[in-house]
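**Q** Here you go, one structure.
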Amino acid sequence: MRPFDYVRATDAAGASNAAQAANAAFIAGGTNLLDLMKLEVMAPEKLVDISRMGLDQVEEQGRDLRIGATVTNSDLAADLRVRARWPVLSRALLAGASGQLRNKATTGGNLLQRTRCPYFYDTDTPCNKRQPGEGCSALGGETRNHAILGTSAECIALHPSDMAVALRALDARVEVRVPDGAVTEHELGDFHRQPGDRPDRETVLNQGDLITSVLLPAPAGDRQVYRKVRDRASYAFALVSVAAVLRVEEGRIAHAAIGFGGLGTVPWRDPSVDELLTGERPTTALFDKAADLLLQGAETHGGDDFKPPLARRVLRAVLEEATA
Amino acid sequence: MQTTLSINGTEHRLDLDTRVTLLDALRDHLGLCGSKKGCDHGQCGACTVLVGGRRINACLTLAVMHDGDEITTVEGLAEGADGGLSPLQRAFITHDGFQCGYCTPGQLCSATGMLGELAEGWPSHASADLDGNYELSQEELSERMSGNICRCSCYPGINAAIRDAAGAEGRK
């Protein structure tokens with residue numbers, strides 16, 4: 001690990017100020033950042049600890065929920081309000097990582113976690129995400145755990161989060177404090193950036209911008225399902241996952257919001273899929289058409305050729321369960 | 001950097017490089033070598049300790065981030081003035097829950113934390129519903145302990161020991 005300065009922030013203003021140095025990074029749980037620092041994939045010169053700033057509360061605001069950025073994945077999954085009204089979020093959180101990691105990993109940190117592309121981790125191989133312009137070793141390499149949606153000629157790295165997939169289906173927003181003190185909100189769908197020609201820029205955040213909360217609106221559907229398919233029964237990243245939030249009225253789908261993991265360079269949601277389903281009676285033919293729409297732009301790379309048919313089957317199974 | 005760690009009820013004042021992980025502080029600076037370094041990347045669970053009663057991977061956190069925290073390592077699990085083993089530790093011996101023993105401190109700390117989570121009604125991926133009433137079935141146990149790897153594959157003994165200590169019935 002490269003040497004770094006460590007500062008413990010006590011409030012948001014102090015944290016932002018301390019993090020304006022060119023190569024400073026916030027740290028909360030640290031489960032991903034420290035792993036990457038050990039490998040020198042990331043080498044911040046200053047760490048600003050935001051874990052003791054009181055951002056660890058879950059609060060009701062009317063029918064909405066405000067989740068502090070440093071609420072741990074464990075606490076959020078176990079929160080009685082989340083379990084009762086946003087169960088797809090509990091399920092997605094519980095499908096990720098291990099008990100030890102969930103006790104440390106935070107809500108904001110989960111959104112900012114980096115890809116597990118093995119070439120991103122291996123500093124002996126070229127990687128456009130680590131060093132733009134260097135080349136992509138995944139293209140032509142081992143691609144079992146790569147993205148098939150939202151990719152570019154420069155990068156096919158997968159966004160690994162389970163939590164964020166459920167948050168997309170729940171229309172979550174991300175509250176960000178910028179260094180001048182202003183607070184802005186981003187739809188989660190606008191928060192992550194697809195790689196394009198700058199795979200190193202993964203979100204809309206600028207240096208010193210601090211995630212303070214994730215905002216969950218009242219759920220638009222009471223039928224919530226998260227299903228994750230992976231290489232082993234526990235403690236593995238998704239090959240494909242689907243989060244569905246549906247409302248069914250008089251035999252028709254009145255609301256549909258479907259998030260996808262294991263497929264995209266960002267936590268994925270396709271408005272055309274949601275629109276296709278909305279207002280329709282649930283049938284296998286409808287679910288297949290939804291899969292057609294989802295996958296029409298998919299690009300596979302050999303090792304991930306199994307993903308389109310697997311995504312089709314998982315989507316169908318989730319929609320059958322959610323509309324049963 | 002000056003850091004005070006409260007470990008197994010004893011305060012330790014340390015002057016540490018910011019890079020020192022909690023695991024390295026325990027092993028290399030305090031001589032508490034019960035917590036083991038397996039993968040050093042949060043994948044094997046051998047380094048598991050309890051911070052404020054919660055299990056975490058000591059290899060993936062910085063010692064300086066735990067200034068003032070209450071930390072319990074495997075050396076602190078034994079209860080009573082005579083240092084008698086905890087029921088969980090005794091159950092590991094009864095059920096032969098180890099072979100080489102390298103993962104055992106992590107298994108013990110993890111299981112201690114896990115049983116606390118269960119008592120608090122935390123759900124898991126294996127839970128059929130989210131209502132908060134969970135028995136430690138084999139499916140629940142396997143899921144909740146998936147962050148601890150045993151390369152000797154002593155899982156039958158580990159499982160039996162944890163379920164014995166939890167008071168669970170010996171269902172298969």
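As shown in the structure tokens, the chain order sets the letters A, B, ...; within each chain, residues go from 1, and ligands are also counted from 1 in the order they appear.
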Taking the chain letters and numbering used in this document, name the residues of region 35-95 of chain B that DSSP puts in strand (DSSP E), as number ranges by chain.
**A** B: 48-51, 54-57, 70-72
**Q** Write to file, as a PDB file, in the first residue's frame, the residues of the selection just made, with N, CA, C and O atoms.
**A**
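That gives us selection_1.pdb:
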```pdb
ATOM      1  N   THR B  48     -11.612 -12.739  11.158  1.00  0.00           N
ATOM      2  CA  THR B  48     -12.829 -12.153  11.720  1.00  0.00           C
ATOM      3  C   THR B  48     -12.669 -11.828  13.210  1.00  0.00           C
ATOM      4  O   THR B  48     -12.231 -12.659  13.999  1.00  0.00           O
ATOM      5  N   VAL B  49     -13.029 -10.595  13.571  1.00  0.00           N
ATOM      6  CA  VAL B  49     -13.081 -10.154  14.966  1.00  0.00           C
ATOM      7  C   VAL B  49     -14.429  -9.466  15.178  1.00  0.00           C
ATOM      8  O   VAL B  49     -15.186  -9.226  14.215  1.00  0.00           O
ATOM      9  N   LEU B  50     -14.727  -9.145  16.425  1.00  0.00           N
ATOM     10  CA  LEU B  50     -15.969  -8.440  16.746  1.00  0.00           C
ATOM     11  C   LEU B  50     -15.633  -7.001  17.127  1.00  0.00           C
ATOM     12  O   LEU B  50     -14.752  -6.774  17.963  1.00  0.00           O
ATOM     13  N   VAL B  51     -16.283  -6.057  16.487  1.00  0.00           N
ATOM     14  CA  VAL B  51     -16.127  -4.647  16.847  1.00  0.00           C
ATOM     15  C   VAL B  51     -17.495  -4.154  17.305  1.00  0.00           C
ATOM     16  O   VAL B  51     -18.455  -4.178  16.527  1.00  0.00           O
ATOM     17  N   ARG B  54     -20.075  -6.698  16.656  1.00  0.00           N
ATOM     18  CA  ARG B  54     -20.375  -7.100  15.273  1.00  0.00           C
ATOM     19  C   ARG B  54     -19.149  -7.690  14.601  1.00  0.00           C
ATOM     20  O   ARG B  54     -18.046  -7.154  14.719  1.00  0.00           O
ATOM     21  N   ARG B  55     -19.370  -8.752  13.841  1.00  0.00           N
ATOM     22  CA  ARG B  55     -18.242  -9.412  13.176  1.00  0.00           C
ATOM     23  C   ARG B  55     -17.829  -8.645  11.931  1.00  0.00           C
ATOM     24  O   ARG B  55     -18.687  -8.224  11.132  1.00  0.00           O
ATOM     25  N   ILE B  56     -16.535  -8.461  11.777  1.00  0.00           N
ATOM     26  CA  ILE B  56     -15.995  -7.826  10.571  1.00  0.00           C
ATOM     27  C   ILE B  56     -14.697  -8.533  10.178  1.00  0.00           C
ATOM     28  O   ILE B  56     -14.120  -9.278  10.967  1.00  0.00           O
ATOM     29  N   ASN B  57     -14.239  -8.260   8.954  1.00  0.00           N
ATOM     30  CA  ASN B  57     -12.937  -8.748   8.502  1.00  0.00           C
ATOM     31  C   ASN B  57     -11.878  -7.738   8.952  1.00  0.00           C
ATOM     32  O   ASN B  57     -11.836  -6.619   8.448  1.00  0.00           O
ATOM     33  N   GLU B  70     -14.452  -0.852  20.861  1.00  0.00           N
ATOM     34  CA  GLU B  70     -14.355  -2.071  21.682  1.00  0.00           C
ATOM     35  C   GLU B  70     -14.210  -3.268  20.749  1.00  0.00           C
ATOM     36  O   GLU B  70     -15.130  -3.595  19.995  1.00  0.00           O
ATOM     37  N   ILE B  71     -13.074  -3.908  20.819  1.00  0.00           N
ATOM     38  CA  ILE B  71     -12.771  -5.021  19.909  1.00  0.00           C
ATOM     39  C   ILE B  71     -12.629  -6.313  20.709  1.00  0.00           C
ATOM     40  O   ILE B  71     -11.987  -6.339  21.750  1.00  0.00           O
ATOM     41  N   THR B  72     -13.258  -7.360  20.201  1.00  0.00           N
ATOM     42  CA  THR B  72     -13.108  -8.682  20.813  1.00  0.00           C
ATOM     43  C   THR B  72     -12.457  -9.611  19.796  1.00  0.00           C
ATOM     44  O   THR B  72     -12.950  -9.751  18.671  1.00  0.00           O
TER      45      THR B  72
END
```
**Q** What's around Gln224 (chain A) at 6 Å? Count only C-alpha atoms, leave out sequence neighbours fewer than 3 positions away in its own chain, and write the answer as a PyMOL selection string.
**A** chain A and resi 88+244-245
**Q** Expressed in Å to a single decimal, how great is the separation between CA of Glu60 (chain A) and CA of His255 (chain A)?
**A** 23.5 Å
**Q** Within 10 Å of chain B, which residues of chain A are there when counting only C-alpha atoms? Please give them as a compact mmCIF listing (two decimals) with all heavy atoms, in the first residue's frame.
**A**
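Saved result, result12.txt, follows:
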```
# COMPACT_ATOMS: atom_id res chain seq x y z
N MET A 1 0.85 -1.21 0.00
CA MET A 1 0.00 0.00 0.00
C MET A 1 0.88 1.25 0.00
O MET A 1 1.87 1.29 0.71
CB MET A 1 -0.89 -0.02 1.25
CG MET A 1 -2.28 0.53 1.02
SD MET A 1 -3.28 0.66 2.53
CE MET A 1 -3.46 -1.03 3.06
N ARG A 2 0.50 2.23 -0.80
CA ARG A 2 1.25 3.50 -0.82
C ARG A 2 0.90 4.31 0.43
O ARG A 2 -0.22 4.24 0.92
CB ARG A 2 0.87 4.32 -2.07
CG ARG A 2 1.11 3.60 -3.39
CD ARG A 2 2.56 3.73 -3.83
NE ARG A 2 2.77 3.02 -5.09
CZ ARG A 2 2.51 3.55 -6.30
NH1 ARG A 2 2.03 4.77 -6.39
NH2 ARG A 2 2.73 2.85 -7.38
N PRO A 3 1.84 5.13 0.91
CA PRO A 3 1.55 5.95 2.09
C PRO A 3 0.43 6.96 1.81
O PRO A 3 0.27 7.43 0.68
CB PRO A 3 2.88 6.69 2.35
CG PRO A 3 3.91 5.90 1.62
CD PRO A 3 3.22 5.29 0.44
N PHE A 4 -0.32 7.29 2.86
CA PHE A 4 -1.38 8.29 2.70
C PHE A 4 -1.62 8.98 4.04
O PHE A 4 -1.32 8.42 5.11
CB PHE A 4 -2.69 7.63 2.21
CG PHE A 4 -3.16 6.51 3.08
CD1 PHE A 4 -3.95 6.74 4.20
CD2 PHE A 4 -2.81 5.20 2.77
CE1 PHE A 4 -4.37 5.69 5.00
CE2 PHE A 4 -3.23 4.14 3.59
CZ PHE A 4 -4.00 4.39 4.70
N ASP A 5 -2.15 10.19 3.97
CA ASP A 5 -2.59 10.89 5.18
C ASP A 5 -4.00 10.44 5.52
O ASP A 5 -4.78 10.10 4.62
CB ASP A 5 -2.59 12.41 4.95
CG ASP A 5 -1.18 12.95 4.77
OD1 ASP A 5 -0.25 12.37 5.35
OD2 ASP A 5 -1.02 13.94 4.04
N TYR A 6 -4.32 10.49 6.80
CA TYR A 6 -5.65 10.07 7.26
C TYR A 6 -6.26 11.21 8.08
O TYR A 6 -5.62 11.74 8.99
CB TYR A 6 -5.53 8.81 8.12
CG TYR A 6 -6.79 8.44 8.86
CD1 TYR A 6 -7.79 7.70 8.24
CD2 TYR A 6 -6.98 8.83 10.18
CE1 TYR A 6 -8.95 7.35 8.92
CE2 TYR A 6 -8.13 8.49 10.87
CZ TYR A 6 -9.12 7.75 10.23
OH TYR A 6 -10.25 7.41 10.90
N VAL A 7 -7.48 11.59 7.70
CA VAL A 7 -8.20 12.66 8.40
C VAL A 7 -9.57 12.14 8.78
O VAL A 7 -10.27 11.54 7.94
CB VAL A 7 -8.38 13.90 7.48
CG1 VAL A 7 -9.11 15.00 8.22
CG2 VAL A 7 -7.03 14.40 6.99
N ARG A 8 -9.97 12.35 10.03
CA ARG A 8 -11.31 11.93 10.45
C ARG A 8 -12.22 13.15 10.45
O ARG A 8 -12.01 14.09 11.21
CB ARG A 8 -11.25 11.31 11.84
CG ARG A 8 -12.55 10.63 12.26
CD ARG A 8 -12.41 9.95 13.62
NE ARG A 8 -11.41 8.91 13.60
CZ ARG A 8 -10.43 8.80 14.49
NH1 ARG A 8 -10.33 9.68 15.48
NH2 ARG A 8 -9.55 7.83 14.41
N ILE A 27 -13.46 7.58 2.82
CA ILE A 27 -13.54 6.18 3.22
C ILE A 27 -14.60 6.04 4.30
O ILE A 27 -14.73 6.90 5.18
CB ILE A 27 -12.17 5.63 3.71
CG1 ILE A 27 -12.26 4.12 3.97
CG2 ILE A 27 -11.68 6.38 4.97
CD1 ILE A 27 -10.91 3.45 4.13
N ALA A 28 -15.41 4.98 4.18
CA ALA A 28 -16.43 4.70 5.21
C ALA A 28 -16.23 3.26 5.66
O ALA A 28 -15.52 2.99 6.62
CB ALA A 28 -17.82 4.95 4.66
N GLY A 29 -16.81 2.29 4.93
CA GLY A 29 -16.58 0.88 5.27
C GLY A 29 -15.19 0.44 4.86
O GLY A 29 -14.51 -0.28 5.57
N GLY A 30 -14.79 0.86 3.68
CA GLY A 30 -13.43 0.57 3.20
C GLY A 30 -13.24 -0.81 2.62
O GLY A 30 -12.13 -1.15 2.19
N THR A 31 -14.30 -1.62 2.57
CA THR A 31 -14.11 -3.02 2.17
C THR A 31 -13.65 -3.18 0.73
O THR A 31 -12.96 -4.14 0.40
CB THR A 31 -15.41 -3.83 2.37
OG1 THR A 31 -16.48 -3.14 1.74
CG2 THR A 31 -15.72 -4.00 3.84
N ASN A 32 -14.02 -2.25 -0.13
CA ASN A 32 -13.55 -2.31 -1.52
C ASN A 32 -12.32 -1.44 -1.71
O ASN A 32 -11.32 -1.85 -2.33
CB ASN A 32 -14.69 -1.89 -2.45
CG ASN A 32 -14.38 -2.10 -3.93
OD1 ASN A 32 -14.87 -1.35 -4.76
ND2 ASN A 32 -13.60 -3.10 -4.27
N LEU A 33 -12.35 -0.24 -1.16
CA LEU A 33 -11.24 0.71 -1.35
C LEU A 33 -9.93 0.15 -0.80
O LEU A 33 -8.89 0.20 -1.49
CB LEU A 33 -11.59 2.04 -0.67
CG LEU A 33 -10.51 3.12 -0.71
CD1 LEU A 33 -10.13 3.47 -2.14
CD2 LEU A 33 -10.98 4.38 0.02
N LEU A 34 -9.94 -0.39 0.42
CA LEU A 34 -8.68 -0.88 1.01
C LEU A 34 -8.16 -2.09 0.25
O LEU A 34 -6.95 -2.27 0.09
CB LEU A 34 -8.87 -1.20 2.49
CG LEU A 34 -9.09 0.03 3.37
CD1 LEU A 34 -9.48 -0.39 4.79
CD2 LEU A 34 -7.83 0.89 3.42
N ASP A 35 -9.07 -2.92 -0.23
CA ASP A 35 -8.68 -4.05 -1.06
C ASP A 35 -7.91 -3.56 -2.29
O ASP A 35 -6.84 -4.06 -2.63
CB ASP A 35 -9.95 -4.81 -1.47
CG ASP A 35 -9.66 -6.21 -1.98
OD1 ASP A 35 -8.59 -6.76 -1.65
OD2 ASP A 35 -10.51 -6.75 -2.71
N LEU A 36 -8.46 -2.53 -2.94
CA LEU A 36 -7.82 -1.99 -4.14
C LEU A 36 -6.53 -1.24 -3.80
O LEU A 36 -5.59 -1.22 -4.60
CB LEU A 36 -8.80 -1.07 -4.88
CG LEU A 36 -9.99 -1.81 -5.50
CD1 LEU A 36 -11.08 -0.83 -5.91
CD2 LEU A 36 -9.53 -2.61 -6.72
N MET A 37 -6.47 -0.63 -2.62
CA MET A 37 -5.24 0.06 -2.22
C MET A 37 -4.12 -0.92 -1.93
O MET A 37 -2.95 -0.65 -2.21
CB MET A 37 -5.52 0.95 -1.00
CG MET A 37 -6.34 2.19 -1.35
SD MET A 37 -6.87 3.12 0.10
CE MET A 37 -5.29 3.66 0.78
N LYS A 38 -4.46 -2.08 -1.38
CA LYS A 38 -3.42 -3.10 -1.14
C LYS A 38 -2.76 -3.52 -2.44
O LYS A 38 -1.59 -3.82 -2.48
CB LYS A 38 -4.04 -4.32 -0.45
CG LYS A 38 -4.41 -4.09 1.00
CD LYS A 38 -4.96 -5.37 1.62
CE LYS A 38 -5.36 -5.11 3.06
NZ LYS A 38 -5.70 -6.35 3.77
N LEU A 39 -3.58 -3.58 -3.49
CA LEU A 39 -3.07 -4.00 -4.80
C LEU A 39 -2.50 -2.83 -5.59
O LEU A 39 -2.00 -3.01 -6.69
CB LEU A 39 -4.21 -4.66 -5.61
CG LEU A 39 -4.83 -5.90 -4.97
CD1 LEU A 39 -6.12 -6.28 -5.66
CD2 LEU A 39 -3.84 -7.06 -5.02
N LEU A 47 -6.88 9.93 2.88
CA LEU A 47 -8.18 9.32 3.13
C LEU A 47 -8.94 10.19 4.12
O LEU A 47 -8.40 10.56 5.17
CB LEU A 47 -8.03 7.91 3.72
CG LEU A 47 -7.58 6.80 2.78
CD1 LEU A 47 -7.60 5.46 3.52
CD2 LEU A 47 -8.45 6.73 1.54
N ASP A 49 -12.03 10.07 6.48
CA ASP A 49 -12.93 9.10 7.11
C ASP A 49 -14.26 9.78 7.42
O ASP A 49 -14.34 10.71 8.23
CB ASP A 49 -12.26 8.59 8.40
CG ASP A 49 -13.08 7.52 9.11
OD1 ASP A 49 -14.22 7.24 8.70
OD2 ASP A 49 -12.57 6.97 10.10
N ILE A 50 -15.32 9.32 6.79
CA ILE A 50 -16.66 9.91 7.00
C ILE A 50 -17.54 9.01 7.85
O ILE A 50 -18.76 9.22 7.92
CB ILE A 50 -17.36 10.20 5.65
CG1 ILE A 50 -17.54 8.92 4.84
CG2 ILE A 50 -16.58 11.25 4.86
CD1 ILE A 50 -18.56 9.06 3.71
N SER A 51 -16.94 8.02 8.52
CA SER A 51 -17.76 7.03 9.23
C SER A 51 -18.27 7.51 10.58
O SER A 51 -19.06 6.83 11.22
CB SER A 51 -16.96 5.73 9.40
OG SER A 51 -15.86 5.92 10.27
N ARG A 52 -17.80 8.69 11.03
CA ARG A 52 -18.27 9.17 12.35
C ARG A 52 -18.94 10.54 12.25
O ARG A 52 -18.76 11.40 13.10
CB ARG A 52 -17.10 9.22 13.33
CG ARG A 52 -16.43 7.87 13.50
CD ARG A 52 -15.49 7.85 14.68
NE ARG A 52 -14.66 6.66 14.64
CZ ARG A 52 -14.02 6.17 15.70
NH1 ARG A 52 -14.11 6.77 16.87
NH2 ARG A 52 -13.29 5.09 15.59
N SER A 74 -25.84 -4.31 6.42
CA SER A 74 -26.54 -5.15 7.40
C SER A 74 -27.71 -4.41 8.02
O SER A 74 -28.83 -4.94 8.10
CB SER A 74 -25.60 -5.55 8.54
OG SER A 74 -24.59 -6.37 8.11
N ASP A 75 -27.44 -3.20 8.51
CA ASP A 75 -28.49 -2.44 9.17
C ASP A 75 -29.64 -2.14 8.22
O ASP A 75 -30.81 -2.17 8.61
CB ASP A 75 -27.93 -1.13 9.74
CG ASP A 75 -27.16 -1.35 11.04
OD1 ASP A 75 -27.53 -2.28 11.78
OD2 ASP A 75 -26.20 -0.61 11.30
N ALA A 77 -30.53 -3.86 5.50
CA ALA A 77 -31.28 -5.08 5.17
C ALA A 77 -32.20 -5.49 6.32
O ALA A 77 -33.27 -6.05 6.09
CB ALA A 77 -30.30 -6.22 4.86
N ALA A 78 -31.76 -5.21 7.57
CA ALA A 78 -32.55 -5.63 8.73
C ALA A 78 -33.57 -4.58 9.17
O ALA A 78 -34.42 -4.87 10.02
CB ALA A 78 -31.61 -5.94 9.90
N ASP A 79 -33.50 -3.38 8.60
CA ASP A 79 -34.42 -2.32 9.01
C ASP A 79 -35.87 -2.78 8.82
O ASP A 79 -36.26 -3.23 7.74
CB ASP A 79 -34.15 -1.06 8.18
CG ASP A 79 -34.95 0.13 8.68
OD1 ASP A 79 -36.17 0.22 8.36
OD2 ASP A 79 -34.37 0.97 9.39
N LEU A 80 -36.66 -2.65 9.87
CA LEU A 80 -38.03 -3.19 9.82
C LEU A 80 -38.88 -2.49 8.77
O LEU A 80 -39.76 -3.11 8.16
CB LEU A 80 -38.68 -3.08 11.21
CG LEU A 80 -38.04 -3.96 12.30
CD1 LEU A 80 -38.66 -3.67 13.66
CD2 LEU A 80 -38.18 -5.44 11.95
N VAL A 82 -37.76 -1.17 5.93
CA VAL A 82 -37.32 -1.66 4.62
C VAL A 82 -37.88 -3.07 4.38
O VAL A 82 -38.41 -3.37 3.30
CB VAL A 82 -35.78 -1.66 4.52
CG1 VAL A 82 -35.33 -2.30 3.21
CG2 VAL A 82 -35.25 -0.23 4.63
N ARG A 83 -37.79 -3.90 5.41
CA ARG A 83 -38.31 -5.27 5.26
C ARG A 83 -39.80 -5.27 4.92
O ARG A 83 -40.27 -6.09 4.14
CB ARG A 83 -38.10 -6.04 6.55
CG ARG A 83 -36.71 -6.57 6.73
CD ARG A 83 -36.69 -7.65 7.79
NE ARG A 83 -36.04 -7.21 9.00
CZ ARG A 83 -35.97 -7.96 10.11
NH1 ARG A 83 -36.52 -9.15 10.13
NH2 ARG A 83 -35.36 -7.51 11.19
N ALA A 84 -40.54 -4.34 5.52
CA ALA A 84 -42.00 -4.34 5.34
C ALA A 84 -42.42 -3.73 4.00
O ALA A 84 -43.33 -4.24 3.35
CB ALA A 84 -42.66 -3.59 6.49
N PRO A 87 -39.13 -4.66 0.47
CA PRO A 87 -38.44 -5.94 0.71
C PRO A 87 -37.45 -6.31 -0.39
O PRO A 87 -36.47 -7.01 -0.11
CB PRO A 87 -39.59 -6.95 0.79
CG PRO A 87 -40.76 -6.29 0.13
CD PRO A 87 -40.60 -4.82 0.39
N SER A 90 -34.08 -5.29 0.86
CA SER A 90 -33.51 -6.22 1.84
C SER A 90 -32.98 -7.46 1.14
O SER A 90 -31.86 -7.93 1.41
CB SER A 90 -34.57 -6.65 2.86
OG SER A 90 -34.78 -5.66 3.84
N ARG A 91 -33.78 -7.99 0.22
CA ARG A 91 -33.39 -9.22 -0.47
C ARG A 91 -32.11 -9.03 -1.28
O ARG A 91 -31.24 -9.89 -1.31
CB ARG A 91 -34.52 -9.69 -1.37
CG ARG A 91 -35.72 -10.25 -0.60
CD ARG A 91 -35.35 -11.52 0.10
NE ARG A 91 -36.49 -12.16 0.74
CZ ARG A 91 -36.38 -13.23 1.52
NH1 ARG A 91 -35.17 -13.76 1.76
NH2 ARG A 91 -37.43 -13.77 2.08
N ALA A 92 -32.01 -7.90 -1.97
CA ALA A 92 -30.82 -7.65 -2.79
C ALA A 92 -29.59 -7.51 -1.90
O ALA A 92 -28.52 -8.06 -2.20
CB ALA A 92 -31.01 -6.39 -3.63
N LEU A 93 -29.73 -6.78 -0.79
CA LEU A 93 -28.59 -6.61 0.12
C LEU A 93 -28.14 -7.96 0.68
O LEU A 93 -26.95 -8.25 0.75
CB LEU A 93 -28.98 -5.67 1.26
CG LEU A 93 -29.06 -4.20 0.90
CD1 LEU A 93 -29.89 -3.45 1.93
CD2 LEU A 93 -27.66 -3.59 0.79
N LEU A 94 -29.12 -8.79 1.07
CA LEU A 94 -28.79 -10.07 1.68
C LEU A 94 -28.19 -11.05 0.68
O LEU A 94 -27.55 -12.02 1.06
CB LEU A 94 -30.04 -10.68 2.33
CG LEU A 94 -30.59 -9.91 3.53
CD1 LEU A 94 -31.96 -10.44 3.93
CD2 LEU A 94 -29.63 -9.98 4.71
N ALA A 95 -28.39 -10.77 -0.61
CA ALA A 95 -27.83 -11.64 -1.65
C ALA A 95 -26.38 -11.28 -1.95
O ALA A 95 -25.71 -11.97 -2.72
CB ALA A 95 -28.66 -11.54 -2.93
N GLY A 96 -25.90 -10.19 -1.35
CA GLY A 96 -24.55 -9.74 -1.67
C GLY A 96 -23.55 -10.00 -0.55
O GLY A 96 -23.90 -9.98 0.63
N ALA A 97 -22.32 -10.29 -0.93
CA ALA A 97 -21.16 -10.37 -0.01
C ALA A 97 -21.38 -11.39 1.10
O ALA A 97 -22.11 -12.38 0.94
CB ALA A 97 -20.86 -8.99 0.56
N SER A 98 -20.73 -11.17 2.25
CA SER A 98 -20.82 -12.08 3.40
C SER A 98 -21.30 -11.28 4.61
O SER A 98 -21.35 -10.05 4.58
CB SER A 98 -19.44 -12.66 3.71
OG SER A 98 -18.57 -11.64 4.18
N GLY A 99 -21.62 -12.00 5.70
CA GLY A 99 -22.07 -11.32 6.91
C GLY A 99 -21.05 -10.29 7.40
O GLY A 99 -21.41 -9.18 7.80
N GLN A 100 -19.77 -10.65 7.38
CA GLN A 100 -18.73 -9.73 7.84
C GLN A 100 -18.67 -8.48 6.97
O GLN A 100 -18.54 -7.36 7.48
CB GLN A 100 -17.36 -10.42 7.80
CG GLN A 100 -17.17 -11.52 8.85
CD GLN A 100 -17.44 -12.89 8.29
OE1 GLN A 100 -18.43 -13.09 7.57
NE2 GLN A 100 -16.61 -13.85 8.62
N LEU A 101 -18.72 -8.68 5.66
CA LEU A 101 -18.62 -7.52 4.75
C LEU A 101 -19.84 -6.63 4.86
O LEU A 101 -19.73 -5.40 4.85
CB LEU A 101 -18.43 -8.00 3.31
CG LEU A 101 -17.06 -8.62 3.02
CD1 LEU A 101 -17.07 -9.31 1.67
CD2 LEU A 101 -15.97 -7.58 3.07
N ARG A 102 -21.03 -7.22 4.99
CA ARG A 102 -22.24 -6.39 5.09
C ARG A 102 -22.24 -5.56 6.37
O ARG A 102 -22.88 -4.51 6.42
CB ARG A 102 -23.49 -7.28 5.03
CG ARG A 102 -23.76 -7.88 3.66
CD ARG A 102 -25.16 -8.51 3.58
NE ARG A 102 -25.32 -9.63 4.47
CZ ARG A 102 -25.05 -10.90 4.17
NH1 ARG A 102 -24.59 -11.21 2.98
NH2 ARG A 102 -25.25 -11.86 5.05
N ASN A 103 -21.54 -6.05 7.40
CA ASN A 103 -21.45 -5.26 8.63
C ASN A 103 -20.57 -4.03 8.48
O ASN A 103 -20.59 -3.14 9.33
CB ASN A 103 -20.89 -6.13 9.77
CG ASN A 103 -21.96 -6.98 10.42
OD1 ASN A 103 -23.15 -6.70 10.29
ND2 ASN A 103 -21.55 -8.02 11.12
N LYS A 104 -19.77 -3.98 7.45
CA LYS A 104 -18.87 -2.85 7.22
C LYS A 104 -19.30 -2.00 6.02
O LYS A 104 -19.26 -0.77 6.05
CB LYS A 104 -17.45 -3.38 6.95
CG LYS A 104 -16.55 -3.36 8.17
CD LYS A 104 -16.23 -1.91 8.50
CE LYS A 104 -15.30 -1.80 9.69
NZ LYS A 104 -15.20 -0.41 10.13
N ALA A 105 -19.68 -2.67 4.94
CA ALA A 105 -19.99 -1.98 3.68
C ALA A 105 -21.17 -1.03 3.88
O ALA A 105 -22.13 -1.36 4.58
CB ALA A 105 -20.31 -3.00 2.60
N ALA A 233 -23.75 -21.02 -4.19
CA ALA A 233 -25.00 -20.69 -3.51
C ALA A 233 -24.93 -19.40 -2.72
O ALA A 233 -25.95 -18.78 -2.45
CB ALA A 233 -25.42 -21.85 -2.60
N SER A 234 -23.73 -19.00 -2.29
CA SER A 234 -23.60 -17.82 -1.44
C SER A 234 -22.27 -17.14 -1.69
O SER A 234 -21.31 -17.77 -2.17
CB SER A 234 -23.69 -18.24 0.04
OG SER A 234 -23.63 -17.11 0.89
N TYR A 235 -22.21 -15.86 -1.34
CA TYR A 235 -20.95 -15.12 -1.35
C TYR A 235 -20.27 -15.16 -2.72
O TYR A 235 -19.12 -15.59 -2.86
CB TYR A 235 -20.01 -15.67 -0.26
CG TYR A 235 -18.87 -14.77 0.12
CD1 TYR A 235 -18.82 -13.44 -0.28
CD2 TYR A 235 -17.81 -15.24 0.88
CE1 TYR A 235 -17.78 -12.62 0.07
CE2 TYR A 235 -16.75 -14.43 1.25
CZ TYR A 235 -16.74 -13.14 0.83
OH TYR A 235 -15.69 -12.33 1.17
N ALA A 236 -21.03 -14.75 -3.76
CA ALA A 236 -20.49 -14.65 -5.11
C ALA A 236 -21.25 -13.55 -5.84
O ALA A 236 -22.40 -13.26 -5.51
CB ALA A 236 -20.65 -15.97 -5.87
```
**Q** With distances taken over only C-alpha atoms, which residue among B:Ser137, B:Gly38, B:Gly97, B:Ala63 lies nearest Arg13 (chain B)?
**A**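 Smallest distance to Arg13 (chain B) is found for B:Ala63.
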**Q** Between A:Thr123, A:Thr212, A:Thr278, A:Gln131, which is the closest to Ala182 (chain A) once you count only C-alpha atoms?
**A**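 The shortest atom-to-atom distance to Ala182 (chain A) comes from A:Thr212.
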**Q** Quick one: DSSP helix (DSSP H, G or I) residues in region 20-247 of chain A, as a ChimeraX atom specification?
**A** /A:33-38,73-78,80-85,87-94,99-102,107-112,118-121,163-169,188-191
**Q** Counting only C-alpha atoms, what is within 9 Å of Arg281 (chain A), bar same-chain residues fewer than 2 positions away, as a PyMOL selection string?
**A** chain A and resi 251-253+277-279+283+286
**Q** From the list B:Gly68, B:Pro105, B:Gly9, B:Gly31, which residue is nearest Ile158 (chain B) when using only C-alpha atoms?
**A**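 So, comparing all the options, the nearest one is B:Pro105.
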